[in-house]
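Asker: mmCIF, C-alpha atoms and all ligand atoms, saved as structure_28.cif, coming up:
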```cif
data_structure
#
loop_
_atom_site.group_PDB
_atom_site.id
_atom_site.type_symbol
_atom_site.label_atom_id
_atom_site.label_comp_id
_atom_site.auth_asym_id
_atom_site.auth_seq_id
_atom_site.Cartn_x
_atom_site.Cartn_y
_atom_site.Cartn_z
ATOM 1 C CA MET K 29 0.000 0.000 0.000
ATOM 2 C CA PRO K 30 1.514 3.334 -0.971
ATOM 3 C CA VAL K 31 2.411 5.727 1.753
ATOM 4 C CA SER K 32 0.028 8.606 1.681
ATOM 5 C CA ALA K 33 0.927 12.171 2.334
ATOM 6 C CA PRO K 34 -0.163 13.241 5.794
ATOM 7 C CA ARG K 35 -3.244 15.370 5.820
ATOM 8 C CA GLY K 36 -2.923 18.562 7.708
ATOM 9 C CA PRO K 37 -2.739 22.287 7.476
ATOM 10 C CA ARG K 38 -0.312 22.334 4.589
ATOM 11 C CA SER K 39 -1.319 24.436 1.666
ATOM 12 C CA ARG K 40 -3.320 22.757 -1.014
ATOM 13 C CA ALA K 41 -0.600 23.488 -3.472
ATOM 14 C CA THR K 42 2.026 21.803 -1.359
ATOM 15 C CA ARG K 43 -0.221 18.846 -0.818
ATOM 16 C CA ALA K 44 -1.055 18.533 -4.461
ATOM 17 C CA LEU K 45 2.559 18.839 -5.485
ATOM 18 C CA SER K 46 3.410 16.009 -3.168
ATOM 19 C CA LEU K 47 1.005 13.881 -5.104
ATOM 20 C CA ALA K 48 3.260 13.931 -8.086
ATOM 21 C CA SER K 49 5.689 11.717 -6.241
ATOM 22 C CA SER K 50 3.128 9.564 -4.533
ATOM 23 C CA ALA K 51 1.480 8.947 -7.850
ATOM 24 C CA LEU K 52 4.616 7.203 -8.974
ATOM 25 C CA LEU K 53 4.058 4.602 -6.308
ATOM 26 C CA LEU K 54 0.859 3.475 -7.901
ATOM 27 C CA THR K 55 0.907 -0.023 -9.176
ATOM 28 C CA ALA K 56 -2.290 -1.148 -10.743
ATOM 29 C CA ALA K 57 -2.917 -4.788 -10.185
ATOM 30 C CA CYS K 58 -6.580 -4.959 -9.482
ATOM 31 C CA SER K 59 -8.676 -6.856 -11.917
ATOM 32 C CA ALA K 60 -12.307 -6.047 -12.045
ATOM 33 C CA SER K 61 -15.238 -8.228 -12.839
ATOM 34 C CA PRO K 62 -17.006 -7.225 -16.038
ATOM 35 C CA GLY K 63 -20.672 -6.913 -16.504
ATOM 36 C CA ALA K 64 -23.491 -5.464 -14.565
ATOM 37 C CA SER K 65 -23.732 -5.799 -10.859
ATOM 38 C CA PRO K 66 -26.734 -5.295 -8.658
ATOM 39 C CA GLY K 67 -25.360 -2.468 -6.600
ATOM 40 C CA ASP K 68 -25.945 0.486 -8.874
ATOM 41 C CA ASP K 69 -27.833 2.550 -6.433
ATOM 42 C CA PRO K 70 -31.298 1.339 -7.156
ATOM 43 C CA THR K 71 -34.157 3.705 -7.458
ATOM 44 C CA ALA K 72 -35.426 2.161 -4.264
ATOM 45 C CA ALA K 73 -37.741 4.275 -2.213
ATOM 46 C CA LEU K 74 -38.494 7.817 -3.143
ATOM 47 C CA PRO K 75 -36.179 9.840 -0.937
ATOM 48 C CA LEU K 76 -37.604 12.892 0.659
ATOM 49 C CA PRO K 77 -34.937 14.731 2.628
ATOM 50 C CA GLY K 78 -35.752 14.819 6.289
ATOM 51 C CA PRO K 79 -36.201 18.213 7.862
ATOM 52 C CA GLY K 80 -33.680 17.459 10.585
ATOM 53 C CA GLU K 81 -30.695 16.881 8.343
ATOM 54 C CA ASP K 82 -28.093 19.540 8.268
ATOM 55 C CA THR K 83 -27.591 21.201 4.968
ATOM 56 C CA ASP K 84 -24.765 23.347 3.871
ATOM 57 C CA ALA K 85 -25.610 23.142 0.229
ATOM 58 C CA SER K 86 -27.087 26.576 -0.096
ATOM 59 C CA ASP K 87 -23.955 28.234 -1.329
ATOM 60 C CA SER K 88 -24.414 29.088 -4.936
ATOM 61 C CA PRO K 89 -22.401 27.103 -7.424
ATOM 62 C CA ARG K 90 -20.681 28.735 -10.338
ATOM 63 C CA GLU K 91 -21.739 26.975 -13.445
ATOM 64 C CA GLY K 92 -19.281 27.158 -16.245
ATOM 65 C CA GLY K 93 -16.346 26.795 -13.946
ATOM 66 C CA GLU K 94 -13.858 29.440 -13.067
ATOM 67 C CA ALA K 95 -10.459 28.789 -11.620
ATOM 68 C CA ALA K 96 -10.411 30.282 -8.159
ATOM 69 C CA SER K 97 -6.677 30.648 -7.797
ATOM 70 C CA GLU K 98 -3.384 29.702 -9.274
ATOM 71 C CA GLY K 99 -2.011 26.354 -8.314
ATOM 72 C CA PRO K 100 -0.684 23.016 -9.480
ATOM 73 C CA LEU K 101 -3.940 22.247 -11.299
ATOM 74 C CA ASP K 102 -3.921 25.425 -13.383
ATOM 75 C CA SER K 103 -5.388 24.823 -16.831
ATOM 76 C CA ARG K 104 -6.894 21.517 -15.789
ATOM 77 C CA VAL K 105 -10.640 21.056 -16.167
ATOM 78 C CA VAL K 106 -12.581 18.726 -13.891
ATOM 79 C CA VAL K 107 -16.254 17.889 -14.176
ATOM 80 C CA ILE K 108 -17.948 16.722 -11.002
ATOM 81 C CA ASP K 109 -21.314 15.081 -11.442
ATOM 82 C CA PRO K 110 -23.391 14.931 -8.264
ATOM 83 C CA GLY K 111 -25.651 11.947 -8.895
ATOM 84 C CA HIS K 112 -29.451 12.342 -9.109
ATOM 85 C CA ASN K 113 -31.218 15.551 -8.050
ATOM 86 C CA GLY K 114 -33.580 16.711 -5.336
ATOM 87 C CA GLY K 115 -36.506 17.211 -7.671
ATOM 88 C CA ASN K 116 -36.331 13.855 -9.419
ATOM 89 C CA ALA K 117 -38.848 12.089 -7.201
ATOM 90 C CA ALA K 118 -41.493 14.657 -8.066
ATOM 91 C CA ALA K 119 -40.929 14.427 -11.815
ATOM 92 C CA PRO K 120 -41.415 10.776 -12.773
ATOM 93 C CA ASP K 121 -42.295 11.490 -16.392
ATOM 94 C CA GLU K 122 -39.070 13.346 -17.035
ATOM 95 C CA ILE K 123 -36.991 10.919 -15.031
ATOM 96 C CA HIS K 124 -38.412 7.816 -16.666
ATOM 97 C CA ALA K 125 -38.002 9.102 -20.227
ATOM 98 C CA MET K 126 -35.605 6.969 -22.210
ATOM 99 C CA VAL K 127 -32.328 8.522 -23.349
ATOM 100 C CA PRO K 128 -29.240 7.277 -25.183
ATOM 101 C CA ALA K 129 -26.990 5.273 -22.890
ATOM 102 C CA GLY K 130 -24.625 3.747 -25.419
ATOM 103 C CA PRO K 131 -25.845 0.966 -27.695
ATOM 104 C CA ASN K 132 -29.074 0.907 -25.696
ATOM 105 C CA GLN K 133 -31.320 3.386 -23.989
ATOM 106 C CA LYS K 134 -31.894 3.873 -20.289
ATOM 107 C CA ALA K 135 -34.068 6.020 -18.117
ATOM 108 C CA CYS K 136 -33.090 9.696 -17.960
ATOM 109 C CA ASP K 137 -32.160 9.430 -14.283
ATOM 110 C CA THR K 138 -33.215 7.812 -11.033
ATOM 111 C CA VAL K 139 -34.020 9.179 -7.615
ATOM 112 C CA GLY K 140 -31.152 7.490 -5.821
ATOM 113 C CA THR K 141 -31.137 5.894 -2.413
ATOM 114 C CA GLU K 142 -31.192 7.210 1.153
ATOM 115 C CA THR K 143 -30.140 6.269 4.650
ATOM 116 C CA THR K 144 -32.632 4.604 6.964
ATOM 117 C CA SER K 145 -32.951 7.978 8.699
ATOM 118 C CA GLY K 146 -33.995 9.621 5.456
ATOM 119 C CA TYR K 147 -30.806 11.415 4.444
ATOM 120 C CA ALA K 148 -31.148 11.382 0.686
ATOM 121 C CA GLU K 149 -28.377 10.361 -1.648
ATOM 122 C CA HIS K 150 -28.979 13.322 -3.945
ATOM 123 C CA GLU K 151 -28.367 15.690 -1.033
ATOM 124 C CA PHE K 152 -25.242 13.863 0.094
ATOM 125 C CA ASN K 153 -23.897 13.776 -3.465
ATOM 126 C CA TRP K 154 -24.470 17.496 -3.797
ATOM 127 C CA GLN K 155 -22.879 18.383 -0.471
ATOM 128 C CA LEU K 156 -19.796 16.273 -1.119
ATOM 129 C CA SER K 157 -19.418 17.540 -4.684
ATOM 130 C CA VAL K 158 -19.428 21.169 -3.540
ATOM 131 C CA LEU K 159 -16.674 20.379 -1.051
ATOM 132 C CA VAL K 160 -14.596 18.638 -3.700
ATOM 133 C CA ARG K 161 -15.013 21.615 -6.006
ATOM 134 C CA GLU K 162 -13.707 23.959 -3.306
ATOM 135 C CA ARG K 163 -10.556 21.915 -2.946
ATOM 136 C CA LEU K 164 -9.838 21.572 -6.639
ATOM 137 C CA GLU K 165 -10.432 25.259 -7.271
ATOM 138 C CA ALA K 166 -8.034 26.078 -4.449
ATOM 139 C CA ASP K 167 -5.441 24.143 -6.421
ATOM 140 C CA GLY K 168 -6.236 26.190 -9.520
ATOM 141 C CA ALA K 169 -8.454 23.768 -11.405
ATOM 142 C CA THR K 170 -11.461 24.835 -13.418
ATOM 143 C CA VAL K 171 -14.394 22.875 -12.047
ATOM 144 C CA VAL K 172 -17.775 22.352 -13.645
ATOM 145 C CA LEU K 173 -20.676 20.779 -11.810
ATOM 146 C CA THR K 174 -23.389 19.049 -13.828
ATOM 147 C CA ARG K 175 -26.171 20.652 -11.818
ATOM 148 C CA ASP K 176 -26.623 24.037 -10.164
ATOM 149 C CA ASP K 177 -28.267 23.020 -6.910
ATOM 150 C CA ASN K 178 -30.132 20.184 -5.262
ATOM 151 C CA GLU K 179 -33.602 21.414 -6.097
ATOM 152 C CA GLY K 180 -33.953 20.569 -9.772
ATOM 153 C CA VAL K 181 -34.681 17.616 -12.024
ATOM 154 C CA GLY K 182 -31.986 15.714 -13.884
ATOM 155 C CA PRO K 183 -30.076 16.414 -16.005
ATOM 156 C CA CYS K 184 -30.408 13.084 -17.784
ATOM 157 C CA ILE K 185 -27.460 10.722 -17.750
ATOM 158 C CA ASP K 186 -26.520 11.439 -21.351
ATOM 159 C CA GLU K 187 -26.576 15.170 -20.667
ATOM 160 C CA ARG K 188 -24.342 14.684 -17.638
ATOM 161 C CA ALA K 189 -21.824 12.931 -19.857
ATOM 162 C CA GLY K 190 -22.273 15.635 -22.480
ATOM 163 C CA ILE K 191 -21.308 18.341 -19.991
ATOM 164 C CA GLY K 192 -17.950 16.635 -19.495
ATOM 165 C CA ASN K 193 -17.493 16.316 -23.236
ATOM 166 C CA GLU K 194 -18.424 19.933 -23.847
ATOM 167 C CA ALA K 195 -15.967 21.072 -21.203
ATOM 168 C CA GLU K 196 -13.289 18.842 -22.714
ATOM 169 C CA ALA K 197 -12.641 17.768 -19.167
ATOM 170 C CA ASP K 198 -9.323 16.257 -18.217
ATOM 171 C CA ALA K 199 -11.230 14.121 -15.746
ATOM 172 C CA ALA K 200 -14.853 13.586 -14.816
ATOM 173 C CA VAL K 201 -16.296 11.828 -11.803
ATOM 174 C CA SER K 202 -19.849 10.993 -10.846
ATOM 175 C CA ILE K 203 -20.349 11.136 -7.099
ATOM 176 C CA HIS K 204 -22.834 8.621 -5.726
ATOM 177 C CA ALA K 205 -23.642 6.532 -2.693
ATOM 178 C CA ASP K 206 -24.911 3.016 -3.024
ATOM 179 C CA GLY K 207 -28.072 1.400 -1.741
ATOM 180 C CA GLY K 208 -26.703 -2.042 -1.023
ATOM 181 C CA PRO K 209 -27.542 -4.651 1.578
ATOM 182 C CA GLU K 210 -27.630 -3.396 5.150
ATOM 183 C CA SER K 211 -24.958 -5.903 6.163
ATOM 184 C CA GLY K 212 -22.489 -4.772 3.510
ATOM 185 C CA ARG K 213 -20.357 -1.714 3.684
ATOM 186 C CA GLY K 214 -17.692 0.095 1.790
ATOM 187 C CA PHE K 215 -17.019 2.092 -1.348
ATOM 188 C CA HIS K 216 -16.355 1.125 -4.927
ATOM 189 C CA VAL K 217 -15.190 2.810 -8.089
ATOM 190 C CA ILE K 218 -16.938 1.959 -11.357
ATOM 191 C CA MET K 219 -14.895 2.241 -14.512
ATOM 192 C CA PRO K 220 -16.145 1.945 -18.103
ATOM 193 C CA GLY K 221 -15.753 -1.397 -19.815
ATOM 194 C CA GLU K 222 -15.198 -1.841 -23.522
ATOM 195 C CA VAL K 223 -18.254 -0.829 -25.506
ATOM 196 C CA SER K 224 -17.319 -0.755 -29.153
ATOM 197 C CA GLY K 225 -17.881 2.636 -30.702
ATOM 198 C CA TYR K 226 -18.487 4.273 -27.348
ATOM 199 C CA THR K 227 -15.839 3.739 -24.719
ATOM 200 C CA ASP K 228 -12.886 2.579 -26.813
ATOM 201 C CA ASP K 229 -11.353 6.012 -26.467
ATOM 202 C CA ILE K 230 -11.675 6.334 -22.708
ATOM 203 C CA VAL K 231 -11.265 2.872 -21.186
ATOM 204 C CA GLU K 232 -7.543 3.095 -20.596
ATOM 205 C CA GLU K 233 -7.437 6.589 -19.106
ATOM 206 C CA SER K 234 -10.583 5.992 -17.098
ATOM 207 C CA ARG K 235 -9.024 2.926 -15.503
ATOM 208 C CA LEU K 236 -6.051 5.013 -14.492
ATOM 209 C CA LEU K 237 -8.338 7.682 -13.078
ATOM 210 C CA GLY K 238 -10.268 5.032 -11.204
ATOM 211 C CA GLU K 239 -7.145 3.541 -9.701
ATOM 212 C CA HIS K 240 -5.859 6.896 -8.474
ATOM 213 C CA LEU K 241 -9.244 7.729 -6.979
ATOM 214 C CA HIS K 242 -9.549 4.292 -5.394
ATOM 215 C CA ARG K 243 -6.152 4.550 -3.754
ATOM 216 C CA GLU K 244 -6.640 8.021 -2.297
ATOM 217 C CA TYR K 245 -10.196 7.396 -1.169
ATOM 218 C CA LEU K 246 -9.222 4.143 0.515
ATOM 219 C CA GLU K 247 -6.409 5.893 2.354
ATOM 220 C CA GLY K 248 -8.148 9.125 3.176
ATOM 221 C CA SER K 249 -11.837 8.464 3.733
ATOM 222 C CA GLY K 250 -11.694 5.836 6.423
ATOM 223 C CA VAL K 251 -14.208 3.788 4.461
ATOM 224 C CA PRO K 252 -13.068 0.307 3.445
ATOM 225 C CA TYR K 253 -13.626 -0.986 -0.055
ATOM 226 C CA ALA K 254 -16.942 -2.708 -0.566
ATOM 227 C CA ASP K 255 -17.348 -6.175 0.855
ATOM 228 C CA TYR K 256 -20.609 -6.955 -0.942
ATOM 229 C CA LEU K 257 -19.745 -6.353 -4.600
ATOM 230 C CA ALA K 258 -16.953 -5.385 -6.994
ATOM 231 C CA ASP K 259 -13.368 -6.573 -6.666
ATOM 232 C CA GLU K 260 -11.616 -4.901 -3.766
ATOM 233 C CA GLY K 261 -13.430 -1.696 -4.558
ATOM 234 C CA LEU K 262 -12.938 -1.722 -8.316
ATOM 235 C CA ASP K 263 -15.707 -2.536 -10.751
ATOM 236 C CA VAL K 264 -16.100 -2.352 -14.510
ATOM 237 C CA ARG K 265 -19.454 -1.862 -16.159
ATOM 238 C CA THR K 266 -20.721 -1.516 -19.693
ATOM 239 C CA ASP K 267 -24.333 -0.609 -18.900
ATOM 240 C CA LEU K 268 -24.000 2.889 -17.487
ATOM 241 C CA GLY K 269 -24.972 5.678 -19.854
ATOM 242 C CA GLY K 270 -23.004 8.184 -17.836
ATOM 243 C CA LEU K 271 -19.850 6.295 -18.761
ATOM 244 C CA ASN K 272 -20.771 5.025 -22.220
ATOM 245 C CA MET K 273 -21.668 8.501 -23.457
ATOM 246 C CA SER K 274 -18.492 10.097 -22.147
ATOM 247 C CA ASP K 275 -15.651 11.069 -24.424
ATOM 248 C CA VAL K 276 -13.421 12.109 -21.542
ATOM 249 C CA PRO K 277 -11.899 9.954 -18.792
ATOM 250 C CA LYS K 278 -14.683 9.270 -16.351
ATOM 251 C CA VAL K 279 -15.557 7.038 -13.431
ATOM 252 C CA PHE K 280 -18.303 6.687 -10.861
ATOM 253 C CA LEU K 281 -17.393 6.817 -7.211
ATOM 254 C CA GLU K 282 -19.871 4.991 -5.006
ATOM 255 C CA THR K 283 -18.615 6.547 -1.820
ATOM 256 C CA GLY K 284 -20.197 4.048 0.550
ATOM 257 C CA ASN K 285 -23.371 2.146 1.248
ATOM 258 C CA MET K 286 -26.114 4.381 2.601
ATOM 259 C CA ARG K 287 -28.106 1.387 3.827
ATOM 260 C CA ASN K 288 -25.264 0.307 6.080
ATOM 261 C CA PRO K 289 -25.360 1.892 9.559
ATOM 262 C CA GLU K 290 -21.601 2.470 9.784
ATOM 263 C CA ASP K 291 -21.286 4.054 6.359
ATOM 264 C CA ALA K 292 -24.464 6.064 6.865
ATOM 265 C CA ALA K 293 -23.208 7.492 10.157
ATOM 266 C CA LEU K 294 -20.105 8.774 8.390
ATOM 267 C CA MET K 295 -22.045 10.243 5.501
ATOM 268 C CA ARG K 296 -24.299 12.184 7.826
ATOM 269 C CA ASP K 297 -21.296 13.686 9.619
ATOM 270 C CA PRO K 298 -20.256 17.054 8.129
ATOM 271 C CA ALA K 299 -16.696 16.600 9.424
ATOM 272 C CA TRP K 300 -16.416 13.275 7.644
ATOM 273 C CA ARG K 301 -17.689 14.807 4.435
ATOM 274 C CA GLU K 302 -14.807 17.289 4.604
ATOM 275 C CA GLN K 303 -12.415 14.390 5.065
ATOM 276 C CA ALA K 304 -13.972 12.461 2.189
ATOM 277 C CA ALA K 305 -13.793 15.535 -0.036
ATOM 278 C CA ASP K 306 -10.083 15.799 0.709
ATOM 279 C CA ALA K 307 -9.642 12.216 -0.387
ATOM 280 C CA VAL K 308 -11.641 12.614 -3.597
ATOM 281 C CA ALA K 309 -9.767 15.797 -4.483
ATOM 282 C CA GLU K 310 -6.454 14.090 -3.824
ATOM 283 C CA GLY K 311 -7.437 11.210 -6.063
ATOM 284 C CA LEU K 312 -8.314 13.572 -8.895
ATOM 285 C CA ALA K 313 -5.188 15.686 -8.388
ATOM 286 C CA SER K 314 -3.048 12.574 -8.254
ATOM 287 C CA TYR K 315 -4.439 11.451 -11.598
ATOM 288 C CA LEU K 316 -4.124 14.889 -13.178
ATOM 289 C CA MET K 317 -0.517 15.319 -12.013
ATOM 290 C CA ARG K 318 0.667 11.833 -12.890
ATOM 291 C CA GLU K 319 3.916 11.495 -14.760
HETATM 292 ZN ZN ZN C 401 -26.593 7.197 -7.082
#
```
Could you write out this file's structure as structure tokens?

Answerer:
Amino acid sequence: MPVSAPRGPRSRATRALSLASSALLLTAACSASPGASPGDDPTAALPLPGPGEDTDASDSPREGGEAASEGPLDSRVVVIDPGHNGGNAAAPDEIHAMVPAGPNQKACDTVGTETTSGYAEHEFNWQLSVLVRERLEADGATVVLTRDDNEGVGPCIDERAGIGNEAEADAAVSIHADGGPESGRGFHVIMPGEVSGYTDDIVEESRLLGEHLHREYLEGSGVPYADYLADEGLDVRTDLGGLNMSDVPKVFLETGNMRNPEDAALMRDPAWREQAADAVAEGLASYLMRE
């Protein structure tokens, strides 16, 4: 296991620069099982955010992306896709409409999962994505989010991929949380498999992105890799429109299992979300600054 840089009050730039060396330690040996798996956060119950959950998602996002400062990620473009949206449950017609997802079509979007206490995945995804954006912008990256807030509907999965393509992103990541079995915990990274005519151009780079993200998230988040699916936290799928329609390196990060009490307790903790955002940002920076 590579030695990770200590996390502390160092400047983002210093931390990110240190990634250049740690990235060299990466050895990719994980093989992933192809094909669909049952853990793609199912539409499950319609999540209605509970009134008691904290929310710090009211800060307004800057669509279009604007580098906040100079840093080691200057000139790099990252698209962060917070999975689902807060208005999806109330718009079934839009959400169920079929859209291009590669060789086949899939539903525009789903509503996502939630914790047993009612903390919705779409809200968690949004909150974590905003925190990741802050960190990447502090390192000089231009960051584009695929939605403006957590109140809307969609965008559809093909549009989410299209935003990354339009931005000519150097890396794109969809932030999700899984709705797996209560007894299973942990995170997994989903990378695109070979889909002729669709993912040929991104499979290799996406795998590299996935491996960097996997390593940093495993080290920094405190969440183990999933014990109920995937292969030590790495999965490959050919059925996800968000990956098949992407022309830029892209992966999904299923940050944990919302149905598991241990994972859910972390996700509901604002301090942990900061820690997780550090880890996600480090994974992206590590990939972007690789030799
Ligand atoms: Zn999801």

Asker: Given the point (-23.0, 7.9, -7.8) in the coordinates of this file, which residues lie within 10 Å, counting only C-alpha atoms, and how would they look as a list in words?

Answerer: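 The residues that fall inside the cut-off are Asp68, Asp69, Asp109, Pro110, Gly111, His112, Gly140, Thr141, Glu149, His150, Asn153, Val201, Ser202, Ile203, His204, Ala205, Asp206, His216, Val217, Ile218, Val279, Phe280, Leu281, Glu282, Thr283 and Gly284 of chain K.
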
Asker: Output as JSON lines one row per residue of stretch 168-232 of chain K within 10 Å of stretch 263-267 of chain K: the closest atom pair and its distance in Å to one decimal place, counting only C-alpha atoms, sorted by chain and residue number ascending.

Answerer:
```
{"residue": "K:His216", "atom": "CA", "partner": "K:Asp263", "partner_atom": "CA", "distance": 6.9}
{"residue": "K:Val217", "atom": "CA", "partner": "K:Asp263", "partner_atom": "CA", "distance": 6.0}
{"residue": "K:Ile218", "atom": "CA", "partner": "K:Asp263", "partner_atom": "CA", "distance": 4.7}
{"residue": "K:Met219", "atom": "CA", "partner": "K:Val264", "partner_atom": "CA", "distance": 4.7}
{"residue": "K:Pro220", "atom": "CA", "partner": "K:Arg265", "partner_atom": "CA", "distance": 5.4}
{"residue": "K:Gly221", "atom": "CA", "partner": "K:Thr266", "partner_atom": "CA", "distance": 5.0}
{"residue": "K:Glu222", "atom": "CA", "partner": "K:Thr266", "partner_atom": "CA", "distance": 6.7}
{"residue": "K:Val223", "atom": "CA", "partner": "K:Thr266", "partner_atom": "CA", "distance": 6.4}
{"residue": "K:Tyr226", "atom": "CA", "partner": "K:Thr266", "partner_atom": "CA", "distance": 9.9}
{"residue": "K:Thr227", "atom": "CA", "partner": "K:Thr266", "partner_atom": "CA", "distance": 8.8}
{"residue": "K:Val231", "atom": "CA", "partner": "K:Val264", "partner_atom": "CA", "distance": 9.8}
```

Asker: My list of candidates is K:Gly270, K:Pro128, K:Gly212, K:Pro100. Which is closest to ligand ZN 401 (chain C) when distances are computed with all atoms listed in the file?

Answerer: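 Smallest separation from ligand ZN 401 (chain C) among the options: K:Gly270.
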
Asker: Please expand the PyMOL selection byres (((chain K and resi 173) around 6) and not hetatm) into the concrete residues it hits in this file, giving the result as a PyMOL selection string.

Answerer: chain K and resi 107-109+172+174-175

Asker: As a VMD selection string, please: the residues near K:Ala129 (cut-off 7 Å, all atoms listed in the file, same-chain neighbours under 2 positions excluded).

Answerer: chain K and resid 127 131 to 134 186 268 to 269 272 to 273

Asker: Selected by the PyMOL selection byres (((chain K and resi 242) around 9) and not hetatm) in the shown coordinates: which residues, as a list in words?

Answerer: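 Taken over the shown coordinates, the PyMOL selection byres (((chain K and resi 242) around 9) and not hetatm) returns Phe215, His216, Val217, Leu237, Gly238, Glu239, His240, Leu241, Arg243, Glu244, Tyr245, Leu246, Glu247, Tyr253, Gly261, Leu262, Leu281, Val308 and Gly311 of chain K.
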
Asker: Specify as a PyMOL selection string each residue included when the PyMOL selection byres (((chain K and resi 301) around 12) and not hetatm) is applied to this file.

Answerer: chain K and resi 83-84+152-160+245+248-251+283-284+291-300+302-309

Asker: Which residue, K:Gly190, K:Gly114, K:Pro289, K:Gly130, has the smallest gap to ligand ZN 401 (chain C) when you use all atoms listed in the file?

Answerer: K:Gly114

Asker: Any idea what the distance is between atom CA of K:Glu179 and atom CA of K:Arg104?

Answerer: 28.4 Å

Asker: Could you state the separation of atom CA of K:Asp137 and atom CA of K:Asn113 in Å, given to one decimal place?

Answerer: 8.8 Å

Asker: For stretch 115-124 of chain K, I'd like the enclosing box, axis-aligned and padded by 8 Å on every side, reported as lines of an AutoDock Vina configuration file with centre and edge lengths in Å to one decimal.

Answerer:
```
center_x = -39.3
center_y = 12.5
center_z = -12.1
size_x = 22.0
size_y = 25.4
size_z = 25.8
```

Asker: Go ahead and compute the interatomic distance for atom CA of K:Asp176 and atom CA of K:Ser274, in Å to one decimal.

Answerer: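 About the pair atom CA of K:Asp176 and atom CA of K:Ser274: they are 20.1 Å apart.
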
Asker: Between K:Glu122, K:Asp167, K:Glu196, K:Glu290, which residue has the minimum interatomic distance to K:Ala313, considering only C-alpha atoms?

Answerer: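 Looking only at the distances to K:Ala313, the closest residue turns out to be K:Asp167.
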
Asker: Point out the residue among K:Val276, K:Val139, K:Leu236, K:Ala197 with the least atom-to-atom distance to K:Gly182, counting only C-alpha atoms.

Answerer: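 That would be K:Val139, the residue with the smallest distance to K:Gly182.
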
Asker: With only C-alpha atoms counted, which protein, DNA or RNA residues have an atom no more than 6 Å from (-34.3, 17.0, -12.2) in the file frame? Please answer as a PyMOL selection string.

Answerer: chain K and resi 113+115-116+180-183

Asker: With a distance cut-off of 8 Å and all atoms listed in the file, select the neighbouring residues of K:Glu142, excluding the residue or stretch itself and same-chain residues fewer than 2 positions from it, and output the selection as a ChimeraX atom specification.

Answerer: /K:73,75,140,144-149,207,286-287

Asker: Restricting the calculation to only C-alpha atoms and all ligand atoms, which member of K:Val105, K:Asn285, K:Glu187, K:Asn193 is positioned closest to ligand ZN 401 (chain C)?

Answerer: K:Asn285
